[in-house]
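The next block holds one structure in the form of structure tokens; read it before the comments.
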Amino acid sequence: MTMATASTVAARPARRAAAGRASFGGALRSEFTKIRSVRSTYWTLLALVVACVGIGAIGSYGHAHDFGQMTAAAQAANRAGEITRAPMVSLFGVILGQLVIAVLGALTVTSEYSTGMIRTSLSVLPGRGTVFAAKAVVFGAIALVTGLVTSFASFFPGQAIMSGQHIGVSLGHPGALRAVVGAGLFLAVCGLLSYGLGALIRHTAGAITASIGLLFVLFVLTQFLPQSWAVHIDKWIPFNAGAAIWEHQSAPVMLSPWTGFGVFCGYAAIAMAAGLYRFRYRDT
Amino acid sequence: MIEAQGLSKRYGDTLAVDDLSFRVEPGKITGFLGPNGAGKTTTMRLVLGLDEPSAGRVTVNGRPFRSSAAPMREVGALLDAKAVHGGRSAYSHLLCLAQTNNLPRRRVDEVLDLVGLASVARKRARGFSLGMGQRLGIAATLLGDPAILMFDEPVNGLDPEGILWIRNLMKRLAAEGRTVFVSSHLMSEMENTADHLIVIGRGKLIADCPMAEFIARSSRRTVWVRTPDPARLTRVITAAGGTVGDEGDGRLVVSGLSRERVGDLAFENTVRLHELAAAQASLEQAFMELTGASVEFRADQQRSDTDVLTGSGV
């Protein structure tokens with residue numbers, strides 16, 4: 001390593017008028033650089049797509065296979081129901097995918113604390129709200145794009161597989177487009193919920209555990225509730241509310257697709273608000 | 001300029017910073033000296049707005065740093081060279097910092113050149129040695145060409161070459177008219193670097209003065225004398241109320257009397273002197289004298305020792 005001793009420390013005058021001043025646009029560019037310059041981002045996003053598409057394809061194959069085993073009479077009786085459920089079947093991977101995007105959402109903020117980078121980040125941009133918002137926007141945009149890519153990439157092969165038994169549907173089928181776009185939105189909001197928890201908890205393991213608890217364990221636990229309670233509680237469980245947009249459910253038990261998704265966004269908003277509060281007002 | 005007024009920070013039961021008031025002025029290196037745990041890092045965190053003060057305030061160029069419109073142009077701070085995401089390359093690390101303040105990409109290349117890391121710019125920071133990590137941290141502080149630079153223990157763990165490099169860099173930055181505020185618990189390092197000293201112990205201000213004054217003020221009044229007749233001079237000085245230590249070889253160390261008084265006494269009593277000098281206390285000595293009472297944990301240590309002995313632990 002050589003040492004530069006003769007060069008000057010001073011910067012040459014900057015050309016742009018905005019240069020040298022903090023701005024939200026600058027914060028967005030910075031956060032994009034941060035997220036694209038670490039390998040864990042790529043691995044996590046790749047895991048998301050592969051897991052969702054893979055599970056969707058396997059689920060679709062199993063479904064088509066079982067349908068193929070039925071008698072002609074049973075097929076005729078079930079065909080309409082299977083077609084209604086077809087979009088959901090190809091999107092089953094989202095159940096695992098939500099956990100993967102939750103990991104990335106938590107890491108986006110907790111890795112700043114675990115590495116100590118947060119102290120450097122806030123020394124160059126002390127406006128806490130700006131940092132929090134820029135990070136959320138950049139992560140949210142990446143999560144949404146990846147979520148949509150994942151859901152479309154899950155839908156088409158799944159439907160192609162099920163079409164072998166004439167139970168696949170096209171995007172034009174009623175509710176299909178909503179389910180596919182909805183699954184992408186659901187993944188993005190899962191990520192943001194976890195982002196909020198990450199800012200609130202500040203520890204990677206803790207934040208991921210909390211996210212999985214909220215998204216997954218709570219859902220599993222409600223499966224054991226007495227039926228008389230379940231009808232009242234089930235639909236408000238975060239996963240059930242959020243999944244209403246891409247899962248086909250019988251209406252009285254679950255919330256309607258957009259209402260459920262709205263409730264889920266509400267949960268995410270609470271987590272984000274709590275995270276922002278701690279990010280802004282607590283020592284770093 | 002950094003200005004603290006009645007700055008205090010409490011963590012639970014611990015008062016890490018206790019009613020500190022000081023100013024750090026441009027054009028010189030201000031050393032921030034104190035034993036480990038004295039509150040130096042906490043004070044710097046308060047300057048940067050990483051922590052909120054429990055009482056008092058601290059401003060950077062007259063305003064709280066959190067409200068700065070051009071933070072990187074105002075302050076470049078290196079609190080912890082390890083505060084870097086190890087998976088990110090040196091270039092990406094600096095780029096993401098520069099982008100927040102809309103600094104041009106070429107500035108990243110400039111500072112990498114300046115600290116001598118251009119050849120490893122694309123390597124991930126995780127693999128950097130301590131010295132390289134320190135250089136990366138310093139590169140980050142220089143990105144915005146800031147008027148104020150703040151370094152927390154910058155030479156910790158560096159090799160002599162690295163120490164010299166940082167020392168020269170700080171001197172150059174101060175010579176350019178910048179404010180340089182550097183903390184250390186290494187008194188010898190400060191002696192070689194700082195023009196002005198702010199000394200704290202247990203969160204409290206102990207001294208805030210030019211380096212030379214600090215040494216002069218705190219040195220015990222001792223005078224070196226060399227004479228061919230030490231026995232007689234000892235009698236004379238003792239009679240005048242001074243105390244004498246014999247260093248051998250005709251050298252005496254006198255305390256309690258000024259250099260002038262020792263010279264006059266020797267003249268009046270016709271004792272020949274071959275040497276007469278005021279002893280320069282080293283910064284090390286001065287520091288120990290001033291902070292002896294405020295070295296963190298000392299009192300607690302004693303108490304817990306007693307507890308162990310008497311079996312009266314809480």
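Residue numbering restarts at 1 for every chain of the structure tokens, chains are lettered A, B, ... in their displayed order, and ligands are numbered from 1 as they appear.
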Exercise: Val53 in chain A partners within 10 Å, only C-alpha atoms, chain neighbours under 4 positions left out, as a compact mmCIF listing (two decimals) with C-alpha atoms, in the first residue's frame:
```txt
# COMPACT_ATOMS: atom_id res chain seq x y z
CA ALA A 47 -34.03 -17.72 -3.04
CA LEU A 48 -37.38 -15.94 -3.09
CA VAL A 49 -37.98 -16.49 -6.80
CA ALA A 57 -44.84 -25.82 -9.86
CA ILE A 58 -44.73 -28.80 -7.48
CA GLY A 59 -48.10 -27.84 -5.97
CA SER A 90 -49.77 -21.87 -8.49
CA LEU A 91 -49.04 -19.17 -5.88
CA PHE A 92 -48.63 -21.49 -2.88
CA GLY A 93 -44.91 -20.72 -2.82
CA VAL A 94 -45.76 -17.29 -1.44
CA GLY A 97 -41.69 -16.56 0.05
CA THR A 150 -42.10 -13.94 -8.47
CA SER A 151 -45.87 -14.15 -8.62
CA PHE A 152 -46.05 -13.91 -12.43
CA ALA A 153 -43.19 -16.39 -12.77
CA SER A 154 -45.10 -18.76 -10.45
CA PHE A 155 -48.47 -18.32 -12.14
CA PHE A 156 -47.64 -19.21 -15.75
CA PRO A 157 -45.76 -22.51 -15.27
CA GLY A 158 -48.30 -23.59 -12.65
```
Item to check | Contact residues (chain B, partner chain A, 8 Å, only C-alpha atoms) as a VMD selection string | outcome: chain B and resid 48 to 52 65 to 73 76 to 78 82 to 89 92 to 93 95 to 104 107 111 113 to 117 119 142 144 to 145 173
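Counting only C-alpha atoms and comparing A:Gly182, A:Pro226, A:Gly140, A:Gly191, the residue that lies closest to Ala243 in chain A is A:Gly182.
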Checklist entry - as number ranges by chain, which residues of range 10-156 of chain A does DSSP assign to alpha helix (DSSP H)? => result A: 24-36, 39-69, 72-90, 94-115, 117-124, 128-156
Item to check | Contacts of range 255-268 of chain B at 7 Å (only C-alpha atoms; same-chain gap of 4+ positions) as a ChimeraX atom specification | outcome: /B:221-223,233,242-244,272,277-278
Checklist entry - With only C-alpha atoms as the atoms that count, which of A:Ala183, A:Ala80, A:Leu99, A:Ile201 lies nearest to Leu45 in chain A? => result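 Result for the nearest residue to Leu45 in chain A: A:Leu99.
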Checklist entry - Which polymer residues have any atom within 9 Å of an atom of Thr179 in chain B, counting only C-alpha atoms, with same-chain residues fewer than 4 positions away left out, as an NGL selection string? => result :B and (1-2 or 24-30 or 147-150 or 173-174)
Checklist entry - Please, which residues of range 173-289 of chain B, numbered as in this document, come out strand (DSSP E) from DSSP, as a ChimeraX atom specification? => result /B:179-184,196-201,204-210,222-226,243-248,251-255,275-278
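Here CA of Arg202 in chain B and CA of Ser188 in chain B stand 20.5 Å from one another.
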Item to check | d(CA of Gly56 in chain B, CA of Leu276 in chain A) in Å | outcome: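 Separation between CA of Gly56 in chain B and CA of Leu276 in chain A: 25.4 Å.
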Checklist entry - What is the CA of Ala216 in chain B-CA of Gly31 in chain B distance in Å, reported with one decimal? => result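 Those two atoms sit 16.7 Å apart.
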Checklist entry - Counting only C-alpha atoms, what is within 9 Å of Ser54 in chain B, bar same-chain residues fewer than 3 positions away, as a list in words? => result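 The residues satisfying every condition are Leu7, Ser8, Lys9, Arg10, Tyr11 and Arg57 of chain B.
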